[in-house]
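Data block for coords_17.cif (mmCIF, C-alpha atoms):
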```cif
data_entry
loop_
_atom_site.label_atom_id
_atom_site.label_comp_id
_atom_site.auth_asym_id
_atom_site.auth_seq_id
_atom_site.Cartn_x
_atom_site.Cartn_y
_atom_site.Cartn_z
CA THR O 83 -10.95 -9.03 6.10
CA ASP O 84 -11.42 -10.83 9.37
CA HIS O 85 -9.39 -13.84 10.47
CA ASP O 86 -11.67 -16.19 8.53
CA GLY O 87 -10.87 -14.30 5.34
CA ILE O 88 -14.41 -12.85 5.08
CA ALA O 89 -14.69 -9.19 4.16
CA ASP O 90 -16.21 -6.86 6.73
CA THR O 91 -17.95 -3.64 5.75
CA ARG O 92 -17.31 -1.67 8.95
CA SER O 93 -15.43 1.62 8.75
CA VAL O 94 -12.58 2.22 11.18
CA PHE O 95 -10.89 5.61 11.46
CA ILE O 96 -7.23 5.66 12.48
CA GLU O 97 -5.35 8.77 13.54
CA ASN O 98 -1.80 9.92 12.76
CA LEU O 99 -0.78 7.71 9.84
CA ASN O 100 1.45 8.42 6.88
CA SER O 101 -0.72 7.40 3.88
CA PRO O 102 -1.61 3.83 4.79
CA PHE O 103 -2.68 1.51 2.00
CA GLY O 104 -3.43 -2.00 3.25
CA MET O 105 -5.20 -3.28 6.37
CA THR O 106 -6.11 -6.70 7.74
CA LEU O 107 -7.93 -7.74 10.90
CA VAL O 108 -6.85 -10.85 12.85
CA ALA O 109 -8.93 -11.48 15.98
CA ASN O 110 -8.65 -8.16 17.91
CA ASP O 111 -5.52 -6.97 16.16
CA LEU O 112 -5.80 -4.57 13.23
CA TYR O 113 -2.65 -4.50 11.08
CA VAL O 114 -1.94 -1.50 8.87
CA ALA O 115 0.77 -1.35 6.21
CA ASP O 116 2.07 2.20 6.50
CA SER O 117 4.57 3.64 4.01
CA ASP O 118 7.59 2.65 6.12
CA LYS O 119 6.39 0.17 8.77
CA LEU O 120 3.81 -2.48 9.59
CA LEU O 121 1.67 -1.34 12.52
CA ARG O 122 -0.69 -3.11 14.93
CA PHE O 123 -3.67 -1.45 16.63
CA PRO O 124 -6.01 -2.93 19.24
CA TYR O 125 -9.55 -3.22 17.93
CA GLN O 126 -12.78 -4.40 19.56
CA GLU O 127 -15.82 -5.19 17.45
CA GLY O 128 -18.20 -2.25 17.35
CA GLU O 129 -15.57 0.44 17.79
CA GLN O 130 -15.84 3.22 15.22
CA SER O 131 -12.55 4.94 15.95
CA ILE O 132 -9.11 3.99 17.21
CA SER O 133 -7.04 6.45 19.21
CA ALA O 134 -4.58 4.00 20.81
CA LYS O 135 -0.96 4.40 19.78
CA PRO O 136 0.16 1.72 17.34
CA VAL O 137 2.83 -0.88 17.95
CA THR O 138 5.41 -1.29 15.19
CA VAL O 139 5.55 -4.94 14.14
CA VAL O 140 8.39 -4.48 11.64
CA GLU O 141 10.11 -1.61 9.85
CA LEU O 142 9.59 -1.57 6.06
CA PRO O 143 11.75 0.05 3.35
CA GLY O 144 10.79 3.71 3.17
CA GLY O 145 12.19 7.17 2.47
CA PRO O 146 13.69 9.59 1.92
CA LEU O 147 13.67 8.17 -1.62
CA ASN O 148 10.46 6.13 -1.66
CA HIS O 149 9.37 5.63 -5.25
CA HIS O 150 6.56 3.07 -4.78
CA TRP O 151 5.51 4.02 -1.26
CA THR O 152 2.22 2.11 -0.98
CA LYS O 153 2.31 -1.12 0.98
CA ASN O 154 -0.33 -3.83 1.39
CA VAL O 155 -0.85 -6.57 3.97
CA ILE O 156 -2.98 -9.71 4.22
CA ALA O 157 -3.04 -12.54 6.73
CA SER O 158 -2.56 -16.23 6.05
CA PRO O 159 -5.77 -18.27 6.33
CA ASP O 160 -4.78 -19.44 9.84
CA GLY O 161 -3.98 -15.88 10.92
CA LYS O 162 -0.45 -16.71 12.10
CA THR O 163 1.51 -15.05 9.31
CA LEU O 164 1.26 -11.73 7.50
CA TYR O 165 2.27 -11.06 3.90
CA VAL O 166 3.37 -7.53 3.05
CA SER O 167 3.93 -6.16 -0.46
CA VAL O 168 6.82 -3.72 -0.98
CA GLY O 169 7.25 -2.03 -4.37
CA SER O 170 10.53 -1.12 -6.06
CA ASN O 171 12.31 2.19 -5.51
CA SER O 172 12.60 2.95 -9.22
CA ASN O 173 11.37 2.03 -12.68
CA VAL O 174 14.23 -0.35 -13.59
CA GLY O 175 16.87 0.10 -10.91
CA GLU O 176 18.13 3.44 -12.22
CA ASN O 177 18.60 4.76 -8.68
CA GLY O 178 21.06 1.98 -7.93
CA LEU O 179 20.39 -1.56 -6.82
CA ASP O 180 21.58 -0.65 -3.32
CA LYS O 181 18.36 1.40 -3.04
CA GLU O 182 16.31 -1.76 -3.71
CA GLU O 183 17.24 -3.70 -0.58
CA GLY O 184 14.14 -5.60 0.57
CA ARG O 185 12.02 -4.07 -2.20
CA ALA O 186 10.17 -5.36 -5.29
CA ALA O 187 9.13 -8.20 -3.04
CA ILE O 188 6.52 -9.79 -0.82
CA TRP O 189 7.62 -10.20 2.80
CA GLU O 190 6.47 -12.98 5.10
CA VAL O 191 6.12 -11.69 8.67
CA ASP O 192 5.41 -13.55 11.91
CA ARG O 193 2.63 -11.43 13.34
CA THR O 194 3.57 -12.01 16.98
CA THR O 195 7.37 -11.61 16.83
CA GLY O 196 7.89 -9.46 13.74
CA SER O 197 10.51 -11.88 12.39
CA HIS O 198 10.44 -11.77 8.63
CA ARG O 199 11.94 -13.01 5.38
CA ILE O 200 11.56 -12.36 1.67
CA PHE O 201 8.83 -14.72 0.46
CA ALA O 202 9.15 -13.81 -3.24
CA SER O 203 11.15 -11.20 -5.18
CA GLY O 204 11.56 -9.61 -8.60
CA LEU O 205 7.98 -8.24 -8.41
CA ARG O 206 8.32 -4.60 -9.50
CA ASN O 207 5.29 -3.27 -7.66
CA PRO O 208 3.00 -5.91 -6.17
CA ASN O 209 -0.24 -4.46 -4.84
CA GLY O 210 -3.38 -6.57 -4.45
CA MET O 211 -2.91 -9.94 -2.75
CA ALA O 212 -5.45 -12.71 -2.21
CA TRP O 213 -5.69 -16.45 -1.52
CA GLU O 214 -7.04 -18.55 -4.40
CA PRO O 215 -9.81 -20.64 -2.80
CA LYS O 216 -9.33 -23.95 -4.64
CA THR O 217 -5.56 -24.30 -4.33
CA GLY O 218 -4.88 -22.09 -1.31
CA LYS O 219 -2.08 -20.34 -3.23
CA LEU O 220 -1.18 -16.71 -2.72
CA TRP O 221 -1.81 -14.50 -5.79
CA THR O 222 -0.79 -10.92 -6.43
CA ALA O 223 -1.43 -8.16 -8.99
CA VAL O 224 1.79 -6.47 -10.16
CA ASN O 225 2.50 -3.17 -11.92
CA GLU O 226 5.32 -3.67 -14.42
CA ARG O 227 7.93 -1.23 -15.79
CA ASP O 228 7.49 1.86 -17.95
CA GLU O 229 9.18 3.76 -20.79
CA ILE O 230 9.58 1.07 -23.42
CA GLY O 231 6.43 1.91 -25.33
CA SER O 232 2.67 1.84 -25.01
CA ASP O 233 2.42 -1.91 -25.43
CA LEU O 234 5.18 -3.07 -23.08
CA VAL O 235 5.28 -4.34 -20.41
CA PRO O 236 2.00 -6.06 -19.47
CA ASP O 237 0.93 -5.66 -15.88
CA TYR O 238 0.00 -9.09 -14.57
CA MET O 239 -1.49 -11.30 -11.91
CA THR O 240 0.31 -14.41 -10.80
CA SER O 241 0.42 -17.13 -8.20
CA VAL O 242 3.39 -16.53 -5.93
CA GLN O 243 5.89 -19.29 -5.25
CA ASP O 244 7.83 -19.40 -1.99
CA GLY O 245 11.35 -18.30 -2.96
CA GLY O 246 10.27 -17.42 -6.49
CA PHE O 247 12.00 -14.69 -8.53
CA TYR O 248 9.88 -12.88 -11.16
CA GLY O 249 12.48 -10.96 -13.15
CA TRP O 250 12.56 -7.34 -12.03
CA PRO O 251 14.63 -5.39 -12.87
CA PHE O 252 16.76 -7.61 -15.11
CA SER O 253 14.00 -9.16 -17.20
CA TYR O 254 10.27 -9.01 -17.72
CA TYR O 255 7.54 -11.59 -18.26
CA GLY O 256 9.97 -14.38 -17.58
CA GLN O 257 13.33 -14.11 -19.30
CA HIS O 258 12.87 -11.15 -21.69
CA VAL O 259 16.00 -9.17 -20.82
CA ASP O 260 15.64 -5.43 -20.22
CA SER O 261 18.78 -3.98 -21.83
CA ARG O 262 18.46 -0.72 -19.87
CA VAL O 263 19.58 -2.47 -16.68
CA ASN O 264 23.35 -2.40 -16.12
CA PRO O 265 24.93 -4.52 -14.80
CA GLN O 266 22.81 -7.48 -15.80
CA ASN O 267 22.44 -10.71 -13.81
CA PRO O 268 22.16 -13.70 -16.19
CA GLU O 269 22.05 -16.16 -13.30
CA LEU O 270 18.93 -14.53 -11.86
CA VAL O 271 17.35 -14.09 -15.29
CA ALA O 272 17.68 -17.84 -15.85
CA LYS O 273 15.55 -18.35 -12.73
CA ALA O 274 12.88 -15.77 -13.61
CA ILE O 275 9.34 -17.17 -13.46
CA ALA O 276 6.88 -16.03 -16.13
CA PRO O 277 3.67 -14.77 -14.52
CA ASP O 278 0.38 -16.61 -14.95
CA TYR O 279 -1.81 -13.98 -16.63
CA ALA O 280 -1.28 -10.68 -18.46
CA LEU O 281 -3.57 -7.79 -17.50
CA GLY O 282 -2.62 -5.36 -20.28
CA PRO O 283 0.18 -2.78 -20.52
CA HIS O 284 0.12 0.15 -18.09
CA THR O 285 -3.32 -0.74 -16.68
CA ALA O 286 -1.98 -0.10 -13.15
CA SER O 287 -3.85 -3.12 -11.82
CA LEU O 288 -4.00 -2.57 -8.06
CA GLY O 289 -6.89 -4.45 -6.49
CA LEU O 290 -7.29 -8.23 -6.42
CA THR O 291 -9.90 -10.43 -4.79
CA PHE O 292 -11.41 -13.78 -5.61
CA ALA O 293 -15.12 -14.21 -6.26
CA GLU O 294 -15.76 -16.74 -3.51
CA GLY O 295 -18.99 -15.69 -1.80
CA SER O 296 -20.05 -13.38 -4.63
CA HIS O 297 -23.76 -13.40 -5.45
CA LEU O 298 -23.19 -11.76 -8.84
CA PRO O 299 -24.59 -14.53 -11.05
CA GLU O 300 -22.06 -14.45 -13.89
CA PHE O 301 -19.00 -14.01 -11.66
CA LYS O 302 -18.70 -17.10 -9.47
CA GLU O 303 -15.25 -18.60 -10.05
CA GLY O 304 -12.38 -16.26 -10.75
CA ALA O 305 -10.81 -12.98 -9.70
CA PHE O 306 -11.91 -9.35 -9.70
CA VAL O 307 -9.14 -6.86 -10.54
CA GLY O 308 -9.28 -3.10 -9.97
CA GLN O 309 -7.37 -1.31 -12.73
CA HIS O 310 -6.32 2.21 -11.73
CA GLY O 311 -5.47 3.19 -15.29
CA SER O 312 -2.48 4.31 -17.35
CA TRP O 313 -0.86 7.73 -16.98
CA ASN O 314 1.59 7.30 -19.87
CA ARG O 315 -0.24 5.48 -22.66
CA LYS O 316 -2.20 6.46 -25.76
CA PRO O 317 -4.87 5.25 -25.94
CA LEU O 318 -5.53 4.99 -22.23
CA SER O 319 -5.76 1.52 -20.73
CA GLY O 320 -7.30 0.26 -17.52
CA TYR O 321 -9.73 2.58 -15.69
CA LYS O 322 -12.13 -0.27 -14.96
CA VAL O 323 -12.81 -3.36 -12.89
CA ILE O 324 -12.47 -6.66 -14.71
CA PHE O 325 -13.19 -10.30 -13.91
CA VAL O 326 -10.77 -13.07 -14.85
CA PRO O 327 -12.48 -16.49 -15.02
CA PHE O 328 -10.73 -19.41 -13.32
CA ALA O 329 -11.06 -23.19 -13.57
CA GLN O 330 -9.22 -25.65 -11.33
CA GLY O 331 -7.40 -22.84 -9.61
CA LYS O 332 -5.99 -21.26 -12.79
CA PRO O 333 -7.09 -18.50 -15.21
CA SER O 334 -9.25 -20.03 -17.94
CA GLY O 335 -10.31 -17.32 -20.36
CA MET O 336 -10.36 -13.72 -21.48
CA PRO O 337 -11.15 -10.96 -18.96
CA VAL O 338 -14.70 -9.63 -18.72
CA ASP O 339 -15.54 -5.99 -17.99
CA VAL O 340 -17.46 -5.58 -14.72
CA LEU O 341 -17.40 -1.82 -14.07
CA THR O 342 -16.53 0.76 -16.73
CA GLY O 343 -17.29 4.35 -17.71
CA PHE O 344 -14.50 6.07 -15.78
CA VAL O 345 -13.10 7.84 -18.87
CA ASN O 346 -15.21 10.50 -20.57
CA ALA O 347 -15.45 11.43 -24.26
CA ASP O 348 -12.51 13.82 -23.85
CA GLU O 349 -10.27 11.01 -22.58
CA LYS O 350 -10.33 12.48 -19.06
CA ALA O 351 -10.53 10.16 -16.07
CA GLN O 352 -13.61 10.60 -13.86
CA GLY O 353 -12.42 7.98 -11.39
CA ARG O 354 -9.64 5.42 -10.92
CA PRO O 355 -10.58 2.03 -9.43
CA ALA O 356 -8.21 0.59 -6.86
CA GLY O 357 -9.13 -1.92 -4.13
CA VAL O 358 -11.82 -4.57 -4.64
CA VAL O 359 -13.39 -6.90 -2.08
CA VAL O 360 -16.47 -9.12 -1.76
CA ASP O 361 -18.40 -8.33 1.41
CA LYS O 362 -20.38 -10.70 3.65
CA ARG O 363 -23.54 -10.15 1.60
CA GLY O 364 -21.81 -11.13 -1.63
CA ASP O 365 -21.64 -7.59 -2.99
CA LEU O 366 -18.52 -6.31 -4.73
CA LEU O 367 -17.06 -3.20 -3.09
CA VAL O 368 -14.75 -1.00 -5.18
CA ALA O 369 -12.52 1.78 -3.85
#
```
I'd like the structure from this file rewritten - as structure tokens, please.
Amino acid sequence: TDHDGIADTRSVFIENLNSPFGMTLVANDLYVADSDKLLRFPYQEGEQSISAKPVTVVELPGGPLNHHWTKNVIASPDGKTLYVSVGSNSNVGENGLDKEEGRAAIWEVDRTTGSHRIFASGLRNPNGMAWEPKTGKLWTAVNERDEIGSDLVPDYMTSVQDGGFYGWPFSYYGQHVDSRVNPQNPELVAKAIAPDYALGPHTASLGLTFAEGSHLPEFKEGAFVGQHGSWNRKPLSGYKVIFVPFAQGKPSGMPVDVLTGFVNADEKAQGRPAGVVVDKRGDLLVA
């Protein structure tokens, strides 16, 4: 998106990156969330390739053990601050909590100086991020933990509070303690915030964008979510794009299917939706 928060449909090719995931454009600076750092590239409108060497804005938690390696980045509405999502380094801390330093969190980064802090934590694997248009709050889509059954734990979308803690790894969906985690932290569990809206277990909900500017007639106020799909659930869940209706800045009803058909009759995936964005024409783009 550009610095006004409006999606642009131009393609930009960037050389020599390690599996980037998220990008955001602020004025003539293109920020890319690489697997282990936040990078800045110079960009002039109309350019179709970038060969300039990037500048590292801030180092991010990376390898050699790098369980959830994808990172995402968006800019604040005024363009002064960047928000970077960093997933956990494990399912439920089994690699040691020392390996989780700075992870399972959303970072707030000053885009000019690189100074940063943890904006919110306890988010196992936050991916999509977007600004809710009525309230101006930051929202994120989060992939929750595995290996406690097909119906636990729901992935979710939630508004993100400054300084908020959302449970991982000690508890899920608020204060439901995960007994697999040892040692526990009752003090943190007592502070755990329950997310706003469940998106179904193991749906791997990655993409998140609000419908502001959409010309799709039935999808005017709410959020589109790209669900990558379960790898460990029977029956499969996700593998579609859904719409969550909102009213007064909050979810207000059941999700509606927008784009389906990615699983064939043999239960084989033919595609796995990820990023979603509304372009300047009001069309929904799905990666």
What does the PyMOL selection byres ((chain O and resi 246-260) around 9) select in this file, as an MDAnalysis selection string?
chainID O and resid 170 173:175 186:187 201:206 226:227 235:236 238 242:245 261:268 270:277 280
Quick one: everything within 8 Å of O:Pro136, counting only C-alpha atoms, minus sequence neighbours fewer than 3 positions away in the same chain. Send it as a ChimeraX atom specification.
/O:121-124
Check the smallest atom-to-atom distance from each of O:Thr285, O:Asn209, O:Asn148, O:Ser158 to O:Leu318 using only C-alpha atoms, then report the winner.
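Ranked by minimum distance to O:Leu318, first place goes to O:Thr285.
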Would you kindly translate the PyMOL selection byres ((chain O and resi 149) around 7) into the concrete residues it picks from this file, as a CSV table (one decimal) with C-alpha atoms, keeping the file's coordinate frame?
```csv
chain,number,residue,atom,x,y,z
O,147,LEU,CA,13.7,8.2,-1.6
O,148,ASN,CA,10.5,6.1,-1.7
O,150,HIS,CA,6.6,3.1,-4.8
O,151,TRP,CA,5.5,4.0,-1.3
O,170,SER,CA,10.5,-1.1,-6.1
O,171,ASN,CA,12.3,2.2,-5.5
O,172,SER,CA,12.6,3.0,-9.2
```
Residue neighbourhood stretch 356-360 of chain O, 7 Å, only C-alpha atoms, exclusion window fewer than 2 positions, as a list in words:
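What passes the distance filter is Ala89, Leu288, Gly289, Leu290, Thr291, Ala293, Ser296, Phe306, Val307, Gly308, Gln309, His310, Arg354, Lys362, Gly364, Asp365, Leu366, Leu367, Val368 and Ala369 of chain O.
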Answer key for the PyMOL selection byres ((chain O and resi 314) around 12), residues as a list in words
Arg227, Asp228, Glu229, Ile230, Gly231, Ser232, Asp233, Leu234, Pro283, His284, Thr285, Ala286, Gly311, Ser312, Trp313, Arg315, Lys316, Pro317, Leu318, Ser319 and Gly320 of chain O
Which polymer residues, whether protein, DNA or RNA, lie within 8 Å of the coordinate (2.4, -11.4, -3.4) when you count all atoms listed in the file? List them as a ChimeraX atom specification, using the chain letters and numbers from the file.
/O:165-167,187-188,202,208-211,220-223,241-242
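Going from atom CA of O:Ala329 to atom CA of O:Ala157 covers 24.3 Å.
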With only C-alpha atoms as the atoms that count, which of O:Thr163, O:Ser117, O:Ser131, O:Thr240 lies nearest to O:Gly145?
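Among the listed residues, O:Ser117 lies closest to O:Gly145.
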Go ahead and compute the interatomic distance for atom CA of O:Gly218 and atom CA of O:Lys162, in Å to one decimal.
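Distance reported for this atom pair: 15.1 Å.
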Measuring between all atoms listed in the file, which one of O:Glu214, O:Ala115, O:Lys135, O:Ala305 shows the shortest distance to O:Trp189?
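That would be O:Ala115, the residue with the smallest distance to O:Trp189.
Counting from atom CA of O:Leu112, the distance to atom CA of O:Gln126 is 9.4 Å.
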Hey, which of O:Lys216, O:Glu300, O:Val224, O:Arg363 ends up closest to O:Gly331? Count only C-alpha atoms.
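Smallest distance to O:Gly331 is found for O:Lys216.
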Which of O:Asp361, O:Val323, O:Gly184, O:Tyr113 sits closest to O:Gly343 [using all atoms listed in the file]:
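For O:Gly343, the nearest of the given residues is O:Val323.
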Using all atoms listed in the file - which residues lie no farther than 9 Å from the point (13.0, -1.7, 7.2) in the file's frame? Write them as a compact mmCIF listing (two decimals) with C-alpha atoms, in the frame of the given file.
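Now in out-v1.txt:
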```
# COMPACT_ATOMS: atom_id res chain seq x y z
CA ASP O 118 7.59 2.65 6.12
CA LYS O 119 6.39 0.17 8.77
CA VAL O 140 8.39 -4.48 11.64
CA GLU O 141 10.11 -1.61 9.85
CA LEU O 142 9.59 -1.57 6.06
CA PRO O 143 11.75 0.05 3.35
CA GLY O 144 10.79 3.71 3.17
CA GLY O 184 14.14 -5.60 0.57
```
When distances are computed from all atoms listed in the file, which of O:Ile132, O:Thr138, O:Gly196, O:Ala212 shows the smallest separation from O:Asn154?
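Checking each candidate against O:Asn154, we get O:Ala212 as the closest.
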Report as JSON, numbers by chain all protein, DNA and RNA residues lying within 8 Å of O:Val340, evaluated on all atoms listed in the file, omitting residues in the same chain fewer than 4 positions from it.
{"O": [322, 323, 324, 325]}
Could you name the residues that touch O:Gly304 at 6 Å or less, counting only C-alpha atoms, but leaving out those on the same chain fewer than 5 positions away, as a VMD selection string?
chain O and resid 292 to 293 326 to 328
Just need the box for stretch 334-342 of chain O, edges along x, y and z, holding every atom the file lists for it with 6 Å tacked onto each side, so centre and edge lengths in Å to one decimal, as JSON.
```
{"center_x": -13.4, "center_y": -9.6, "center_z": -17.8, "size_x": 20.2, "size_y": 32.8, "size_z": 19.4}
```
